[in-house]
Every structure is written in structure tokens, then in C-alpha cells.
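Novice: File protein26.tsv below, TSV, C-alpha atoms:
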chain	number	residue	atom	x	y	z
N	22	MET	CA	-6.56	24.27	67.40
N	23	LYS	CA	-5.47	26.03	64.22
N	24	LEU	CA	-7.89	25.84	61.30
N	25	PRO	CA	-6.08	24.83	58.07
N	26	ILE	CA	-6.17	27.47	55.33
N	27	ILE	CA	-7.79	25.02	52.95
N	28	ALA	CA	-10.60	24.51	55.44
N	29	SER	CA	-11.18	28.25	55.66
N	30	ILE	CA	-11.70	28.32	51.91
N	31	ALA	CA	-13.95	25.27	52.14
N	32	LEU	CA	-16.21	26.96	54.68
N	33	ALA	CA	-17.27	29.47	52.05
N	34	VAL	CA	-19.08	26.78	50.05
N	35	LEU	CA	-21.17	25.41	52.89
N	36	ALA	CA	-24.75	26.22	51.97
N	37	ALA	CA	-27.69	26.80	54.24
N	38	CYS	CA	-30.45	24.29	53.59
N	39	THR	CA	-34.14	24.40	54.30
N	40	PRO	CA	-35.71	21.60	56.35
N	41	ILE	CA	-36.52	18.46	54.36
N	42	LYS	CA	-38.82	15.57	55.01
N	43	LYS	CA	-37.58	12.16	56.06
N	44	GLY	CA	-36.40	10.18	53.01
N	45	GLU	CA	-35.76	13.28	50.89
N	46	TYR	CA	-32.33	14.50	49.81
N	47	ALA	CA	-31.12	18.03	50.44
N	48	SER	CA	-29.61	20.29	47.81
N	49	GLY	CA	-26.64	22.63	48.13
N	50	SER	CA	-22.87	22.34	48.58
N	51	ALA	CA	-20.64	20.78	51.22
N	52	THR	CA	-17.02	19.72	51.68
N	53	ILE	CA	-15.55	16.41	52.78
N	54	PHE	CA	-11.94	15.71	53.81
N	55	CYS	CA	-10.68	12.24	52.95
N	56	ASP	CA	-7.53	10.21	53.49
N	57	ASP	CA	-5.87	10.05	50.05
N	58	GLY	CA	-5.86	6.25	50.22
N	59	PHE	CA	-9.58	6.25	49.52
N	60	ARG	CA	-9.59	8.84	46.73
N	61	THR	CA	-10.84	6.42	44.05
N	62	ILE	CA	-13.81	5.38	46.18
N	63	LEU	CA	-14.88	8.89	47.14
N	64	GLU	CA	-14.60	10.26	43.60
N	65	GLU	CA	-17.00	7.63	42.28
N	66	GLU	CA	-19.38	8.08	45.22
N	67	ILE	CA	-19.52	11.81	44.47
N	68	ASP	CA	-20.00	11.33	40.72
N	69	VAL	CA	-22.97	8.99	41.25
N	70	PHE	CA	-24.49	11.09	44.04
N	71	GLU	CA	-24.31	14.32	42.04
N	72	TYR	CA	-25.75	12.58	38.97
N	73	THR	CA	-28.65	11.27	41.04
N	74	TYR	CA	-29.19	14.60	42.84
N	75	PRO	CA	-28.05	17.27	40.33
N	76	GLN	CA	-28.77	20.17	42.70
N	77	SER	CA	-26.18	18.80	45.14
N	78	SER	CA	-22.43	19.39	45.10
N	79	ILE	CA	-19.82	17.60	47.23
N	80	ILE	CA	-16.34	19.13	47.18
N	81	PRO	CA	-13.56	16.72	48.26
N	82	PHE	CA	-10.15	17.49	49.74
N	83	PHE	CA	-7.64	14.63	49.82
N	84	VAL	CA	-5.30	15.02	52.77
N	85	SER	CA	-3.56	13.03	55.49
N	86	GLN	CA	-5.74	11.28	58.02
N	87	GLN	CA	-4.64	13.57	60.83
N	88	GLU	CA	-5.39	16.70	58.83
N	89	ALA	CA	-8.87	15.36	58.08
N	90	ILE	CA	-9.55	14.74	61.78
N	91	ASP	CA	-8.09	18.11	62.81
N	92	THR	CA	-10.25	19.91	60.26
N	93	LEU	CA	-13.40	18.20	61.53
N	94	LEU	CA	-12.52	19.03	65.14
N	95	ALA	CA	-12.02	22.67	64.13
N	96	ASP	CA	-15.46	22.62	62.48
N	97	GLY	CA	-13.81	23.33	59.12
N	98	THR	CA	-15.77	20.54	57.47
N	99	GLN	CA	-18.70	18.40	58.49
N	100	ALA	CA	-17.54	15.05	57.10
N	101	ILE	CA	-14.37	12.99	56.83
N	102	ILE	CA	-13.33	9.51	55.68
N	103	VAL	CA	-10.61	7.97	57.83
N	104	THR	CA	-9.57	4.67	59.43
N	105	LYS	CA	-10.24	5.51	63.06
N	106	GLU	CA	-13.26	6.60	65.07
N	107	LEU	CA	-13.36	9.79	67.08
N	108	THR	CA	-12.73	9.23	70.76
N	109	THR	CA	-15.36	9.79	73.43
N	110	GLU	CA	-13.53	12.98	74.43
N	111	GLN	CA	-13.52	14.27	70.86
N	112	ILE	CA	-17.24	13.59	70.48
N	113	LYS	CA	-17.96	15.47	73.71
N	114	TYR	CA	-15.76	18.33	72.51
N	115	MET	CA	-17.73	18.68	69.26
N	116	ARG	CA	-21.00	18.78	71.16
N	117	SER	CA	-19.87	21.31	73.76
N	118	LYS	CA	-17.82	23.54	71.44
N	119	TYR	CA	-19.93	23.57	68.27
N	120	LYS	CA	-23.22	21.88	69.28
N	121	ARG	CA	-22.45	19.15	66.73
N	122	VAL	CA	-23.83	15.61	66.93
N	123	VAL	CA	-21.25	13.11	65.66
N	124	ARG	CA	-22.32	10.18	63.48
N	125	GLN	CA	-19.66	7.64	62.61
N	126	GLN	CA	-20.29	4.53	60.58
N	127	PRO	CA	-17.93	1.89	59.18
N	128	ILE	CA	-18.33	1.94	55.42
N	129	ALA	CA	-15.67	-0.59	54.40
N	130	VAL	CA	-12.96	-2.99	55.49
N	131	ASP	CA	-9.75	-2.12	53.68
N	132	ALA	CA	-6.69	-4.27	53.08
N	133	VAL	CA	-3.22	-2.77	53.19
N	134	ALA	CA	-1.56	-4.29	50.14
N	135	LEU	CA	2.14	-4.82	49.47
N	136	ILE	CA	3.06	-4.53	45.80
N	137	THR	CA	6.22	-5.11	43.79
N	138	ASN	CA	7.34	-4.81	40.21
N	139	LYS	CA	6.23	-7.72	38.01
N	140	ASP	CA	9.90	-8.76	37.57
N	141	ASN	CA	10.53	-9.02	41.31
N	142	PRO	CA	11.22	-12.67	42.35
N	143	VAL	CA	9.21	-12.50	45.62
N	144	ASP	CA	5.60	-13.69	45.49
N	145	ALA	CA	4.67	-13.85	49.18
N	146	LEU	CA	5.73	-12.64	52.62
N	147	SER	CA	4.95	-13.78	56.14
N	148	MET	CA	3.90	-11.38	58.85
N	149	GLU	CA	7.24	-12.07	60.54
N	150	GLU	CA	9.15	-11.13	57.38
N	151	ILE	CA	7.11	-7.94	56.98
N	152	GLY	CA	7.97	-7.01	60.56
N	153	LYS	CA	11.67	-7.60	59.94
N	154	ILE	CA	11.58	-5.49	56.76
N	155	LEU	CA	9.87	-2.59	58.53
N	156	ASN	CA	12.30	-2.80	61.46
N	157	GLY	CA	15.34	-2.78	59.17
N	158	GLU	CA	16.39	-6.39	59.88
N	159	ILE	CA	15.77	-7.52	56.28
N	160	THR	CA	17.19	-4.98	53.85
N	161	LYS	CA	17.88	-6.88	50.61
N	162	TRP	CA	15.70	-8.96	48.33
N	163	ASN	CA	18.13	-11.92	48.40
N	164	GLN	CA	17.25	-12.37	52.09
N	165	LEU	CA	13.81	-13.39	50.84
N	166	ALA	CA	14.21	-15.03	47.43
N	167	ALA	CA	16.57	-15.90	44.58
N	168	ASN	CA	19.88	-14.11	44.04
N	169	ASP	CA	18.60	-10.57	43.80
N	170	THR	CA	21.06	-8.49	45.83
N	171	ALA	CA	19.21	-5.21	45.33
N	172	ASP	CA	18.18	-3.16	48.34
N	173	ILE	CA	14.54	-3.21	49.38
N	174	LYS	CA	13.17	0.28	48.77
N	175	ILE	CA	9.92	0.82	50.67
N	176	VAL	CA	7.64	3.30	48.92
N	177	PHE	CA	4.57	4.81	50.60
N	178	ASP	CA	2.32	7.79	49.96
N	179	HIS	CA	3.41	10.15	52.75
N	180	ALA	CA	4.52	9.99	56.37
N	181	GLY	CA	1.15	11.16	57.71
N	182	SER	CA	-0.97	8.63	55.86
N	183	SER	CA	-3.23	6.15	57.62
N	184	THR	CA	-1.50	3.28	55.78
N	185	VAL	CA	1.90	4.16	57.22
N	186	GLY	CA	0.35	4.70	60.65
N	187	TYR	CA	-1.30	1.28	60.52
N	188	LEU	CA	1.97	-0.52	59.73
N	189	ARG	CA	3.88	1.50	62.32
N	190	GLU	CA	1.42	0.61	65.08
N	191	LYS	CA	1.28	-3.04	64.05
N	192	PHE	CA	4.98	-3.78	63.57
N	193	LEU	CA	7.23	-1.12	65.12
N	194	PRO	CA	8.25	-0.40	68.72
N	195	GLU	CA	6.54	2.63	70.21
N	196	GLY	CA	8.18	5.86	69.15
N	197	LYS	CA	9.91	4.41	66.09
N	198	THR	CA	9.13	5.32	62.49
N	199	ILE	CA	9.47	3.37	59.25
N	200	SER	CA	11.61	6.10	57.69
N	201	GLU	CA	14.28	6.00	60.40
N	202	LEU	CA	14.59	2.18	60.35
N	203	THR	CA	14.46	1.41	56.64
N	204	ASN	CA	15.45	2.51	53.16
N	205	SER	CA	12.11	4.18	52.50
N	206	PHE	CA	10.74	6.96	50.33
N	207	ALA	CA	7.60	9.04	50.85
N	208	GLN	CA	5.63	10.18	47.82
N	209	LYS	CA	2.85	12.76	47.45
N	210	ASN	CA	0.03	10.26	46.92
N	211	ASN	CA	-0.90	6.65	46.19
N	212	ALA	CA	-0.83	7.15	42.41
N	213	GLN	CA	2.89	7.94	42.61
N	214	VAL	CA	3.51	4.82	44.71
N	215	PHE	CA	1.84	2.71	42.03
N	216	ASP	CA	3.84	4.33	39.21
N	217	ILE	CA	7.19	3.89	40.95
N	218	VAL	CA	6.56	0.21	41.65
N	219	LYS	CA	5.67	-0.36	37.98
N	220	GLN	CA	9.08	1.04	36.99
N	221	ASP	CA	11.43	-0.13	39.78
N	222	PRO	CA	12.07	-3.87	40.40
N	223	GLY	CA	13.57	-3.05	43.81
N	224	ALA	CA	10.56	-1.17	45.16
N	225	LEU	CA	8.12	-2.51	47.74
N	226	GLY	CA	4.98	-0.41	47.63
N	227	VAL	CA	2.52	0.05	50.50
N	228	ILE	CA	-0.96	0.97	49.28
N	229	SER	CA	-4.67	0.52	49.95
N	230	VAL	CA	-6.10	-2.32	47.88
N	231	SER	CA	-8.80	0.12	46.69
N	232	TRP	CA	-6.15	1.50	44.30
N	233	LEU	CA	-5.67	-1.93	42.74
N	234	GLY	CA	-9.21	-2.83	41.66
N	235	GLU	CA	-9.60	-2.57	37.90
N	236	ASP	CA	-13.41	-2.57	37.80
N	237	LEU	CA	-13.85	0.94	39.16
N	238	GLN	CA	-11.27	2.32	36.73
N	239	LYS	CA	-13.04	0.59	33.84
N	240	ALA	CA	-16.34	2.02	35.06
N	241	LYS	CA	-15.10	5.53	34.34
N	242	ASN	CA	-15.34	4.69	30.63
N	243	VAL	CA	-19.00	3.69	30.97
N	244	PRO	CA	-21.70	6.40	30.75
N	245	ILE	CA	-22.91	7.23	34.23
N	246	ASP	CA	-26.54	6.32	33.49
N	247	GLN	CA	-25.38	2.77	32.67
N	248	ARG	CA	-23.27	2.67	35.82
N	249	MET	CA	-26.36	3.61	37.80
N	250	GLU	CA	-28.21	0.59	36.44
N	251	ILE	CA	-25.40	-1.65	37.66
N	252	TYR	CA	-25.25	-0.04	41.09
N	253	ASN	CA	-29.02	-0.31	41.57
N	254	ASN	CA	-29.16	-3.98	40.57
N	255	GLN	CA	-29.64	-5.91	43.80
N	256	ASN	CA	-29.41	-9.37	42.24
N	257	ASP	CA	-26.20	-9.40	40.22
N	258	THR	CA	-22.94	-11.08	41.16
N	259	ILE	CA	-19.79	-8.99	41.08
N	260	LYS	CA	-16.31	-10.30	40.39
N	261	THR	CA	-13.77	-7.58	40.99
N	262	ASP	CA	-10.44	-8.02	39.23
N	263	LEU	CA	-7.22	-6.68	40.68
N	264	THR	CA	-4.70	-5.03	38.41
N	265	THR	CA	-1.98	-7.07	36.71
N	266	GLU	CA	0.28	-4.03	36.13
N	267	VAL	CA	2.11	-4.80	39.38
N	268	LYS	CA	2.59	-7.93	41.49
N	269	ILE	CA	0.34	-8.06	44.55
N	270	LEU	CA	2.07	-10.05	47.28
N	271	LYS	CA	0.33	-12.77	49.23
N	272	VAL	CA	0.74	-12.73	53.02
N	273	SER	CA	0.83	-15.61	55.52
N	274	ASN	CA	0.26	-15.35	59.24
N	275	PRO	CA	1.14	-18.62	61.05
N	276	ASN	CA	-0.37	-18.63	64.55
N	277	GLU	CA	-2.22	-20.82	67.01
N	278	ASP	CA	-5.63	-19.89	65.58
N	279	ASN	CA	-4.78	-21.35	62.14
N	280	ASP	CA	-2.55	-24.23	63.40
N	281	PHE	CA	0.51	-22.29	62.24
N	282	SER	CA	-0.52	-22.55	58.60
N	283	LEU	CA	2.03	-21.34	56.06
N	284	VAL	CA	-0.64	-20.71	53.41
N	285	SER	CA	-0.42	-17.20	51.98
N	286	TYR	CA	-3.42	-15.14	50.93
N	287	ALA	CA	-3.80	-12.22	48.56
N	288	PRO	CA	-6.01	-9.25	49.55
N	289	TYR	CA	-9.14	-10.56	47.84
N	290	GLN	CA	-12.50	-9.53	49.30
N	291	LYS	CA	-13.20	-13.10	50.37
N	292	TYR	CA	-10.02	-13.28	52.44
N	293	ILE	CA	-10.54	-9.80	53.85
N	294	TYR	CA	-13.95	-11.02	55.00
N	295	THR	CA	-12.64	-14.25	56.57
N	296	GLY	CA	-9.62	-12.56	58.12
N	297	GLU	CA	-7.22	-14.93	56.35
N	298	TYR	CA	-5.55	-11.90	54.78
N	299	PRO	CA	-4.14	-10.33	57.95
N	300	LEU	CA	-3.47	-6.68	57.03
N	301	VAL	CA	-6.94	-5.16	57.34
N	302	ARG	CA	-8.57	-2.14	58.98
N	303	LYS	CA	-12.01	-0.53	59.03
N	304	VAL	CA	-12.79	2.63	57.09
N	305	TYR	CA	-15.18	5.13	58.71
N	306	MET	CA	-17.28	7.96	57.41
N	307	ILE	CA	-17.73	10.51	60.19
N	308	SER	CA	-20.28	13.32	59.91
N	309	THR	CA	-21.34	16.20	62.11
N	310	ALA	CA	-23.91	17.48	59.62
N	311	SER	CA	-27.50	18.05	60.70
N	312	ASN	CA	-30.37	16.15	59.09
N	313	SER	CA	-31.48	18.88	56.69
N	314	THR	CA	-28.10	19.34	55.00
N	315	VAL	CA	-26.65	18.03	51.77
N	316	MET	CA	-23.79	16.42	53.66
N	317	HIS	CA	-26.16	14.36	55.77
N	318	SER	CA	-27.85	13.27	52.54
N	319	PHE	CA	-24.45	12.20	51.19
N	320	TYR	CA	-23.71	10.34	54.43
N	321	VAL	CA	-26.98	8.41	54.05
N	322	PHE	CA	-26.10	7.69	50.40
N	323	VAL	CA	-22.59	6.33	51.08
N	324	THR	CA	-23.80	4.10	53.92
N	325	GLY	CA	-26.80	2.89	51.88
N	326	PHE	CA	-27.14	0.19	49.22
N	327	VAL	CA	-25.80	2.06	46.18
N	328	GLY	CA	-22.92	3.61	48.11
N	329	GLN	CA	-21.91	0.21	49.40
N	330	LYS	CA	-22.27	-1.32	45.93
N	331	ILE	CA	-19.79	1.22	44.61
N	332	ILE	CA	-17.31	0.21	47.31
N	333	SER	CA	-17.71	-3.46	46.36
N	334	LYS	CA	-16.26	-2.67	42.92
N	335	THR	CA	-13.05	-1.17	44.31
N	336	GLY	CA	-11.46	-4.34	45.69
N	337	ILE	CA	-12.04	-3.56	49.36
N	338	LEU	CA	-14.94	-5.01	51.34
N	339	PRO	CA	-18.14	-2.99	51.75
N	340	TYR	CA	-19.14	-3.00	55.39
N	341	THR	CA	-22.85	-3.80	55.02
N	342	ASN	CA	-23.16	-5.65	51.67
N	343	ASN	CA	-22.37	-9.31	51.09
N	344	PRO	CA	-18.68	-10.13	50.54
N	345	ARG	CA	-17.48	-10.65	46.99
N	346	VAL	CA	-14.60	-12.83	45.84
N	347	VAL	CA	-11.85	-10.84	44.14
N	348	GLN	CA	-9.88	-12.65	41.46
N	349	LEU	CA	-6.45	-11.90	40.12
N	350	LEU	CA	-6.26	-12.97	36.47
Could I get this file's structure written as C-alpha cells?
Specialist:
Amino acid sequence: MKLPIIASIALAVLAACTPIKKGEYASGSATIFCDDGFRTILEEEIDVFEYTYPQSSIIPFFVSQQEAIDTLLADGTQAIIVTKELTTEQIKYMRSKYKRVVRQQPIAVDAVALITNKDNPVDALSMEEIGKILNGEITKWNQLAANDTADIKIVFDHAGSSTVGYLREKFLPEGKTISELTNSFAQKNNAQVFDIVKQDPGALGVISVSWLGEDLQKAKNVPIDQRMEIYNNQNDTIKTDLTTEVKILKVSNPNEDNDFSLVSYAPYQKYIYTGEYPLVRKVYMISTASNSTVMHSFYVFVTGFVGQKIISKTGILPYTNNPRVVQLL
């Protein structure tokens, strides 16, 4: 397995750490490779962790999901954030090849959101309609609503992203790709997807809902010591607002389990939790770091109370904290 060049550079910053006692946090530097869809979450997790433990440094690389997994399997990093677990064979490989013990913990439940320009006439889609769009059977907006004869232009971050992989596995025949069946355009990252949808009434964006929560973006304007007080408060109630810069489509999923209900749901945390919003997947943090390393300390932080509280402010559902209702104003 070829080690990516970026991983070779990253190896240089891995620091040797002395043994620490249980409950203590290690100091030093470490890298983490993360699917770009979860960039906003990881950046805030790192900011708060490094503020709390100033002798620690976490260096992120935002890449495709497959590159993150490949880098971990090549021992080019000791932590990744992705939407799939390592297989039993991969775990055995890491133990036999590098003597690494794999820890993998769900840290969130993400919703794949579909977004359009605010002037687009469509407000909701059914799972059947989404399938037909992704298979090239519905190609124009007037097949869905009003008299808009414009082509549907699907915009996603890049072909190797976990978001695209999720939709491909859920809706497409085996071996087919979204790009070959539709009028679709890959971008470099999720930020570009968001910007294009804001400008183009014909665009249908595919994006993690974590990019749509306004609270975390607003938090960047608050001094970090004040943010820490919020994150450490175990008794407050959080209402996370989704952005109003784009239209976030509701999705219906008529089936036997819901008596073929035509009710559509937006990707609010409440509906992610209940499963009424149907486009969801788990997000995992996977670590091969030993107990006395800074990366293991970061792993404990992200999966702990404060790390989960940070996730609750992004719009996606923290895996271990109570669900919060997300409102769109």
C-alpha cells in the first residue's frame, strides 16, 4: 500500500510521549485525517482541545474518506474521522503489521442534506424522487414543481467523498456512478458546494448538515474562554439554527413502517434521532494511538462530554449526548 506524500510529511510531527497516569492528558503533536464533510466539527474540537491543553497540538488534514482510511492502514496517521468502521480484516492487519490496537467509536449521526437556491420552487423531495434524480430519470426542475424548465445541476464536493458514496450505495445500481447518470459537477470541498448553490437557482447541492448549522459559525466570534463555559455547562438547553442562506429541502419516505406517510422532514436533530429524516449515517472516530499519546487524549476528548457538546452545536446529532431539536427560522 503506497503511503501518501502528505502522510510522510505528517509523520515528522508525531511526538514521542512519556507515560501518563489514568485521567491525565498527554502533551505533544499528532495528525488526524478527516473527511472534508466534517471539517467544521474537527476545527472546533481542535481549537477547544488545544486551548484546554496548551502543550498539545493536533494537525488536521482534510481529504477524501478513502484517502483517510488508506493513510491509517499505512500507519501514516493514528486517527481518522470517517463514516465507516474498519473491517475485521483491516483491524487484524493493523495488529499484525504495526502492532496497533484499533479503537473505533461513533461520535455523531450525520444527515446528508439536499440544498437549493432560495429562489428554487421545490421545497421537498421524496426518496423515490431523489432516486430518480440520481439515476437520471428526472433531469429538469419542472418535473418536480412549477414551470421551471431549467436542468437540475447536482453539485457535490468531490467524487471520492463519503457523501457521494453514501448516495451511490443507497440509490444507484452496483457499478454505476452519479456523474455518469446525471448532469453533475464535482467541486473541491463542501464550502464551494454551498457557495454555488447560493448563486445558482438550478443547482441541487449535496452536503453534510454539519455545514449548515449557524451556531458553530457564530461561536467563532466568541472568545474561546466563553465558549468553554458553554461547552462545560451540563444543564443548558441548546437550540441549533440552520442557515437561511440556502433552502434546505425536506424529505419524505413513504413505507410500510410509517403507513406510507407523505409527511416530509428537514434534517433537524430531532428527526435525525427519530429516523423520520431518512438520509442519515454514523460518523466514526478511529484511533490506533496508544494510551500515553496526545492523540489518544484527543480521542478521549472528542468522545467525552465537551467533545460531544461541540458536535451538538453543528446541526448533526452527537452520538452519546441527548438529542436537540434544530429549528429553521
Novice: Rank N:Gln125, N:Glu190, N:Ile293, N:Ser78 by their smallest atom-to-atom distance to Thr108 (chain N), using only C-alpha atoms, and report the top residue only.
Specialist: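 Of all the options, N:Gln125 lies closest to Thr108 (chain N).
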Novice: Do you know which residues are at most 8 Å from region 130-139 of chain N counting all atoms listed in the file, after dropping those on the same chain fewer than 4 positions away, and could you put them as JSON, numbers by chain?
Specialist: {"N": [184, 218, 219, 220, 221, 222, 223, 224, 225, 226, 227, 228, 229, 230, 231, 266, 267, 268, 269, 270, 288, 293, 298, 300, 301, 302, 303, 304, 337, 338, 339, 340]}
Novice: Separation of CA of Met316 (chain N) and CA of Ala51 (chain N), in Å?
Specialist: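 Spanning CA of Met316 (chain N) to CA of Ala51 (chain N) is a straight-line distance of 5.9 Å.
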Novice: Nearest to Glu150 (chain N): which of N:Thr92, N:Ser273, N:Ala212, N:Ser85 is it, counting only C-alpha atoms?
Specialist: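 Comparing N:Thr92, N:Ser273, N:Ala212, N:Ser85 against Glu150 (chain N), the winner is N:Ser273.
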Novice: Could you name the residues that touch Gln87 (chain N) at 9 Å or less, counting all atoms listed in the file, but leaving out those on the same chain fewer than 2 positions away, as a ChimeraX atom specification?
Specialist: /N:56,84-85,89-92,103,181-183
Novice: Which value, in Å to one decimal, gives the distance between CA of Glu110 (chain N) and CA of Thr98 (chain N)?
Specialist: 18.7 Å
Novice: Using all atoms listed in the file, find the one residue out of N:Gln126, N:Thr295, N:Ser200, N:Asn312 that sits nearest to Asn279 (chain N).
Specialist: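 Going through N:Gln126, N:Thr295, N:Ser200, N:Asn312 one by one, the smallest distance to Asn279 (chain N) is for N:Thr295.
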Novice: Given the choices N:Phe83, N:Phe70, N:Tyr114, N:Phe326, which gets closest to Cys55 (chain N) if the distance is worked out from only C-alpha atoms?
Specialist: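 Of N:Phe83, N:Phe70, N:Tyr114, N:Phe326, the one nearest Cys55 (chain N) is N:Phe83, counting only C-alpha atoms.
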Novice: List every protein, DNA or RNA residue that has an atom no more than 12 Å from (5.4, -13.8, 55.4) in the file's coordinate frame, counting only C-alpha atoms, and report them as number ranges by chain.
Specialist: N: 135, 143-154, 165-166, 270-276, 281-287, 298-300
Novice: Please indicate the distance in Å from CA of Trp162 (chain N) to CA of Gln208 (chain N), rounded to one decimal place.
Specialist: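 That distance, rounded to one decimal, is 21.6 Å.
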Novice: Taking into account all atoms listed in the file, which residue in the set N:Ser333, N:Asn141, N:Ser50, N:Thr264 is nearest to Lys291 (chain N)?
Specialist: N:Ser333
Novice: With distances taken over all atoms listed in the file, which of N:Leu193, N:Ile80, N:Ile331, N:Val323 is nearest to Pro127 (chain N)?
Specialist: N:Val323
Novice: For region 124-190 of chain N of the block above, can you save C-alpha atoms as a short mmCIF file (atom, residue, chain, number, x, y, z; two decimals), in the first residue's frame?
Specialist:
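And here's out-v7.cif as it stands now:
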data_model
loop_
_atom_site.label_atom_id
_atom_site.label_comp_id
_atom_site.auth_asym_id
_atom_site.auth_seq_id
_atom_site.Cartn_x
_atom_site.Cartn_y
_atom_site.Cartn_z
CA ARG N 124 -10.34 1.85 18.76
CA GLN N 125 -13.38 2.99 16.82
CA GLN N 126 -16.25 4.90 18.34
CA PRO N 127 -19.33 6.52 16.78
CA ILE N 128 -19.14 10.22 17.60
CA ALA N 129 -22.17 11.50 15.69
CA VAL N 130 -25.10 10.71 13.44
CA ASP N 131 -24.93 12.90 10.35
CA ALA N 132 -27.67 13.83 7.92
CA VAL N 133 -26.95 14.15 4.22
CA ALA N 134 -28.75 17.35 3.30
CA LEU N 135 -30.05 18.45 -0.10
CA ILE N 136 -29.92 22.19 -0.63
CA THR N 137 -31.13 24.56 -3.33
CA ASN N 138 -31.05 28.25 -4.06
CA LYS N 139 -33.62 30.26 -2.09
CA ASP N 140 -35.42 31.12 -5.38
CA ASN N 141 -35.85 27.48 -6.38
CA PRO N 142 -39.58 26.47 -6.38
CA VAL N 143 -39.02 23.00 -4.86
CA ASP N 144 -39.41 22.68 -1.09
CA ALA N 145 -39.41 18.90 -0.59
CA LEU N 146 -38.49 15.63 -2.28
CA SER N 147 -39.49 12.03 -1.69
CA MET N 148 -36.95 9.25 -1.51
CA GLU N 149 -38.36 7.96 -4.80
CA GLU N 150 -37.81 11.32 -6.48
CA ILE N 151 -34.26 11.52 -5.14
CA GLY N 152 -33.58 8.08 -6.59
CA LYS N 153 -34.94 9.13 -9.98
CA ILE N 154 -32.82 12.30 -9.97
CA LEU N 155 -29.64 10.39 -9.14
CA ASN N 156 -30.41 7.76 -11.79
CA GLY N 157 -31.01 10.39 -14.48
CA GLU N 158 -34.77 9.76 -14.80
CA ILE N 159 -35.70 13.25 -13.54
CA THR N 160 -33.49 15.87 -15.18
CA LYS N 161 -35.45 19.14 -15.06
CA TRP N 162 -36.98 21.12 -12.23
CA ASN N 163 -40.39 21.29 -13.96
CA GLN N 164 -40.70 17.52 -13.45
CA LEU N 165 -40.94 18.35 -9.75
CA ALA N 166 -42.58 21.75 -9.38
CA ALA N 167 -43.90 24.85 -11.15
CA ASN N 168 -42.86 25.80 -14.68
CA ASP N 169 -39.12 25.93 -14.17
CA THR N 170 -37.65 24.23 -17.24
CA ALA N 171 -34.04 24.56 -16.09
CA ASP N 172 -31.85 21.47 -15.88
CA ILE N 173 -31.14 20.02 -12.45
CA LYS N 174 -27.43 20.51 -11.81
CA ILE N 175 -26.22 18.24 -9.00
CA VAL N 176 -23.29 19.74 -7.11
CA PHE N 177 -21.18 17.74 -4.65
CA ASP N 178 -17.78 18.14 -3.03
CA HIS N 179 -15.74 15.53 -4.92
CA ALA N 180 -16.18 12.06 -6.39
CA GLY N 181 -14.33 10.36 -3.53
CA SER N 182 -16.33 11.91 -0.72
CA SER N 183 -18.29 9.86 1.80
CA THR N 184 -21.44 11.85 0.95
CA VAL N 185 -21.33 10.84 -2.70
CA GLY N 186 -20.51 7.25 -1.72
CA TYR N 187 -23.49 7.15 0.63
CA LEU N 188 -25.95 8.29 -2.06
CA ARG N 189 -24.41 5.97 -4.66
CA GLU N 190 -24.79 2.93 -2.40
#
